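Colleague: Got a file for you: target00.json, JSON, C-alpha atoms.
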[["chain", "number", "residue", "atom", "x", "y", "z"],
["A", 1, "MET", "CA", 76.71, 77.32, 76.81],
["A", 2, "GLY", "CA", 78.59, 76.77, 80.06],
["A", 3, "ILE", "CA", 79.78, 79.09, 82.79],
["A", 4, "GLY", "CA", 83.27, 79.22, 81.25],
["A", 5, "ASN", "CA", 81.71, 80.67, 78.07],
["A", 6, "ILE", "CA", 80.36, 83.97, 79.51],
["A", 7, "GLY", "CA", 82.71, 86.35, 77.76],
["A", 8, "LEU", "CA", 83.40, 90.05, 78.34],
["A", 9, "PRO", "CA", 79.85, 91.36, 77.64],
["A", 10, "GLY", "CA", 78.40, 88.90, 80.16],
["A", 11, "ILE", "CA", 80.93, 89.88, 82.82],
["A", 12, "LEU", "CA", 80.22, 93.58, 82.25],
["A", 13, "LEU", "CA", 76.47, 92.97, 82.51],
["A", 14, "ILE", "CA", 76.93, 91.07, 85.80],
["A", 15, "ALA", "CA", 79.17, 93.86, 87.15],
["A", 16, "ILE", "CA", 76.57, 96.52, 86.28],
["A", 17, "VAL", "CA", 73.75, 94.52, 87.90],
["A", 18, "VAL", "CA", 75.80, 94.01, 91.08],
["A", 19, "LEU", "CA", 76.70, 97.71, 91.18],
["A", 20, "VAL", "CA", 73.05, 98.73, 90.80],
["A", 21, "LEU", "CA", 71.83, 96.26, 93.43],
["A", 22, "PHE", "CA", 74.42, 96.93, 96.11],
["A", 23, "GLY", "CA", 75.69, 100.42, 95.37],
["A", 24, "ARG", "CA", 79.27, 101.65, 95.34],
["A", 25, "GLY", "CA", 79.57, 102.09, 99.11],
["A", 26, "LYS", "CA", 78.64, 98.53, 99.99],
["A", 27, "ILE", "CA", 80.87, 97.06, 97.28],
["A", 28, "SER", "CA", 83.91, 99.10, 98.37],
["A", 29, "GLY", "CA", 83.22, 98.14, 102.01],
["A", 30, "LEU", "CA", 83.00, 94.49, 100.99],
["A", 31, "MET", "CA", 86.27, 94.72, 99.07],
["A", 32, "GLY", "CA", 87.89, 96.30, 102.14],
["A", 33, "GLU", "CA", 86.70, 93.35, 104.25],
["A", 34, "VAL", "CA", 88.04, 90.90, 101.66],
["A", 35, "GLY", "CA", 91.40, 92.69, 101.77],
["A", 36, "LYS", "CA", 91.48, 92.50, 105.58],
["A", 37, "GLY", "CA", 90.64, 88.80, 105.39],
["A", 38, "ILE", "CA", 93.45, 88.12, 102.94],
["A", 39, "THR", "CA", 95.92, 90.09, 105.08],
["A", 40, "SER", "CA", 94.83, 88.19, 108.18],
["A", 41, "PHE", "CA", 95.16, 84.86, 106.35],
["A", 42, "LYS", "CA", 98.70, 85.69, 105.19],
["A", 43, "LYS", "CA", 99.65, 86.76, 108.72],
["A", 44, "GLY", "CA", 98.30, 83.49, 110.11],
["A", 45, "ILE", "CA", 100.24, 81.47, 107.54],
["A", 46, "SER", "CA", 103.52, 83.24, 108.32],
["A", 47, "GLU", "CA", 102.97, 82.84, 112.08],
["A", 48, "GLY", "CA", 102.29, 79.13, 111.56],
["A", 49, "GLN", "CA", 105.48, 78.74, 109.56],
["A", 50, "ALA", "CA", 107.49, 80.56, 112.23],
["A", 51, "GLU", "CA", 106.00, 78.26, 114.89],
["A", 52, "LEU", "CA", 106.92, 75.18, 112.85],
["A", 53, "GLU", "CA", 110.49, 76.47, 112.42],
["A", 54, "ASP", "CA", 110.72, 77.07, 116.18],
["A", 55, "ASP", "CA", 109.54, 73.51, 116.80],
["A", 56, "LYS", "CA", 112.18, 72.20, 114.39],
["A", 57, "ALA", "CA", 114.84, 74.26, 116.18],
["A", 58, "ASP", "CA", 113.76, 72.80, 119.54],
["A", 59, "VAL", "CA", 114.05, 69.27, 118.16],
["A", 60, "ALA", "CA", 117.46, 70.01, 116.63],
["A", 61, "LYS", "CA", 118.92, 71.42, 119.85],
["A", 62, "ASP", "CA", 121.94, 70.02, 121.60],
["A", 63, "VAL", "CA", 122.29, 66.27, 121.10],
["A", 64, "THR", "CA", 125.60, 65.96, 122.92],
["A", 65, "PRO", "CA", 125.50, 63.18, 125.51],
["A", 66, "GLU", "CA", 125.39, 64.40, 129.13],
["A", 67, "ASP", "CA", 128.81, 62.97, 130.03],
["A", 68, "GLU", "CA", 130.41, 64.71, 127.01],
["A", 69, "LYS", "CA", 129.10, 68.21, 127.85],
["A", 70, "ASP", "CA", 131.47, 68.65, 130.81],
["A", 71, "LYS", "CA", 134.57, 68.04, 128.68],
["A", 72, "VAL", "CA", 134.33, 71.34, 126.79]]
Render the structure in this file as C-alpha coordinates.
Modeller:
Amino acid sequence: MGIGNIGLPGILLIAIVVLVLFGRGKISGLMGEVGKGITSFKKGISEGQAELEDDKADVAKDVTPEDEKDKV
(Lines of atoms letter the chains of each structure in order from A and count residues from 1; the text may use other names and numbers.)
(Lines give C-alpha, C1' and ligand atoms only; values in the text may rest on other atoms or scores of the structure.)
Protein backbone atom coordinates (compact mmCIF):
# COMPACT_ATOMS: atom_id res chain seq x y z
CA MET A 1 0.00 0.00 0.00
CA GLY A 2 1.59 3.23 -1.18
CA ILE A 3 0.80 6.88 -0.60
CA GLY A 4 -1.10 7.05 -3.91
CA ASN A 5 -3.47 4.37 -2.59
CA ILE A 6 -5.00 6.30 0.35
CA GLY A 7 -8.50 6.72 -1.01
CA LEU A 8 -11.37 8.93 0.16
CA PRO A 9 -11.79 7.44 3.67
CA GLY A 10 -8.09 7.98 4.38
CA ILE A 11 -8.21 11.58 3.19
CA LEU A 12 -11.30 12.27 5.32
CA LEU A 13 -9.60 10.73 8.38
CA ILE A 14 -6.50 12.90 7.83
CA ALA A 15 -8.68 16.01 7.41
CA ILE A 16 -10.55 15.28 10.67
CA VAL A 17 -7.30 14.71 12.58
CA VAL A 18 -5.82 17.97 11.25
CA LEU A 19 -9.01 19.86 12.13
CA VAL A 20 -8.99 18.47 15.68
CA LEU A 21 -5.29 19.18 16.22
CA PHE A 22 -5.17 22.71 14.83
CA GLY A 23 -8.73 23.97 15.11
CA ARG A 24 -10.76 25.87 12.54
CA GLY A 25 -9.24 29.28 13.28
CA LYS A 26 -5.65 28.25 12.69
CA ILE A 27 -6.50 26.33 9.53
CA SER A 28 -8.44 29.25 8.02
CA GLY A 29 -5.58 31.61 8.97
CA LEU A 30 -3.11 29.26 7.33
CA MET A 31 -5.21 29.07 4.17
CA GLY A 32 -5.35 32.88 4.12
CA GLU A 33 -1.55 33.00 4.29
CA VAL A 34 -1.29 30.44 1.49
CA GLY A 35 -3.63 32.58 -0.62
CA LYS A 36 -1.52 35.69 0.04
CA GLY A 37 1.60 33.76 -0.91
CA ILE A 38 0.08 32.59 -4.18
CA THR A 39 -1.09 36.12 -5.00
CA SER A 40 2.36 37.51 -4.22
CA PHE A 41 4.00 34.83 -6.37
CA LYS A 42 1.73 35.61 -9.34
CA LYS A 43 2.42 39.34 -8.94
CA GLY A 44 6.17 38.67 -8.92
CA ILE A 45 5.92 36.53 -12.05
CA SER A 46 3.96 39.20 -13.95
CA GLU A 47 6.39 41.93 -12.84
CA GLY A 48 9.30 39.78 -14.00
CA GLN A 49 7.68 39.25 -17.39
CA ALA A 50 7.03 42.98 -17.76
CA GLU A 51 10.68 43.69 -16.91
CA LEU A 52 11.84 41.17 -19.52
CA GLU A 53 9.57 42.75 -22.14
CA ASP A 54 10.97 46.19 -21.27
CA ASP A 55 14.50 44.84 -21.69
CA LYS A 56 13.56 43.39 -25.08
CA ALA A 57 12.07 46.75 -26.10
CA ASP A 58 15.30 48.53 -25.08
CA VAL A 59 17.35 46.13 -27.20
CA ALA A 60 15.00 46.52 -30.17
CA LYS A 61 15.11 50.32 -30.12
CA ASP A 62 16.29 52.44 -33.00
CA VAL A 63 18.96 50.71 -35.07
CA THR A 64 19.21 53.42 -37.70
CA PRO A 65 22.83 54.44 -38.29
CA GLU A 66 23.75 57.87 -36.87
CA ASP A 67 24.40 59.44 -40.29
CA GLU A 68 20.98 58.26 -41.56
CA LYS A 69 18.97 59.80 -38.69
CA ASP A 70 19.47 63.37 -39.92
CA LYS A 71 17.98 62.62 -43.36
CA VAL A 72 14.41 62.24 -42.08
Colleague: Just how far from atom CA of A:Leu8 is atom CA of A:Val34, in Å to one decimal?
Modeller: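 The value is 23.8 Å.
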Colleague: What gap, in Å, lies between atom CA of A:Ser40 and atom CA of A:Phe22?
Modeller: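 Computed distance, atom CA of A:Ser40 to atom CA of A:Phe22, equals 25.3 Å.
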Colleague: Between atom CA of A:Ala15 and atom CA of A:Gly29, measure the distance and give it in Å to one decimal.
Modeller: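 The value is 16.0 Å.
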